[in-house]
Structures are given as structure tokens and as C-alpha cells.
Amino acid sequence: MSMKMLPSLLVMSFAVAACSGGLKSPSDAFLIPQEQIAVVTKDASAGNLSAIKRLISHYEATSGDDAIAEEWRAKARSLGDAQELYYYAARLFTGARSESDPVKKQKMLVEALESAQRSYANGADASTQRLIDEISQVINSR
């Protein structure tokens, strides 16, 4: 087989696999089967962080369900999940950078710092410390 034919052969292989149901969307890996949603939701409502994470992934992968995913993110943060606290702090910090209202900006920065500090307390790592340092630097420079 010549090297010129290889790209065409790969494209054809993927096309055949996709048409035959052999390939699924990457987001399908995060979907919870419909018959399991109630059980996972019950576990998540009881504070099971693993179940909460599954629901977040599920609803992020489901089109139009971002608000539901955000509710579960808030639940994870309330339980002290370091990863969700970090992501929330990073999102707030990014949003604060483009906020034109100085009062809103300050509130976002303070909330971002508090969230990053909680994240660090529940799972210390270098990236969270860098985020804390960056937020603190912006707050102190105002």
C-alpha cells in the first residue's frame, strides 16, 4: 500500500465505522443511561460527590442542560470539592478581568479568592496557589 492511499483509507475506515454504529460521539461516554438517572440523582442529592460529578458530566454532555450542570457544580462546591472550587474561582477571575463595573469586579475578585482558598484548603496544589497569588495581586493593586 502506498503512503498516498493511507489518508484515504483512514477516512473510509472511520466513515464505515461511524455508519455502522461503531463510533460514538465523545460526549456519549459521559451520558448516564436513562434508567440510572433517578438512582444517581438520589445518591447525589444525599451528598455523594462521585454521583454529583457523574451528573455534572452527564448534563454538560447533554445539549441545553448547562443550568442543571451548574446546580450540581454548586452542590459540589458546597461540599468542598477542590476541583469545582478551583474552576469556579478561575471562571470568576476571568469574568472579573472584563467587568467594567468596579463594584461588581471587586465582588467577583473577592469571591474568586475565597473559592480558590477553599479549593487549596481541600486539595493543595501548585496551580491553585498560583491562582490565589494572581487574584491577590489584582486585588492588592487596586
# chains A, B, ... in the order shown; residues from 1 in each chain; ligands from 1
$ select_by_dssp --residues "range 38-129 of chain A" --states "alpha helix (DSSP H)" --output "PyMOL selection string"
chain A and resi 38-45+49-61+66-78+82-98+102-122+126-129
$ closest_atom_pairs --of "range 62-104 of chain A" --to "range 111-132 of chain A" --cutoff "6 Å" --atoms "only C-alpha atoms" --output "JSON lines"
{"residue": "A:Ala82", "atom": "CA", "partner": "A:Ser119", "partner_atom": "CA", "distance": 4.2}
{"residue": "A:Leu85", "atom": "CA", "partner": "A:Ser119", "partner_atom": "CA", "distance": 5.1}
{"residue": "A:Tyr86", "atom": "CA", "partner": "A:Ala116", "partner_atom": "CA", "distance": 5.4}
{"residue": "A:Ala89", "atom": "CA", "partner": "A:Ala112", "partner_atom": "CA", "distance": 4.1}
{"residue": "A:Leu92", "atom": "CA", "partner": "A:Ala112", "partner_atom": "CA", "distance": 5.5}
{"residue": "A:Phe93", "atom": "CA", "partner": "A:Ala112", "partner_atom": "CA", "distance": 5.8}
$ atom_distance --atom1 "CA of Val110 in chain A" --atom2 "CA of Glu71 in chain A"
21.3 Å
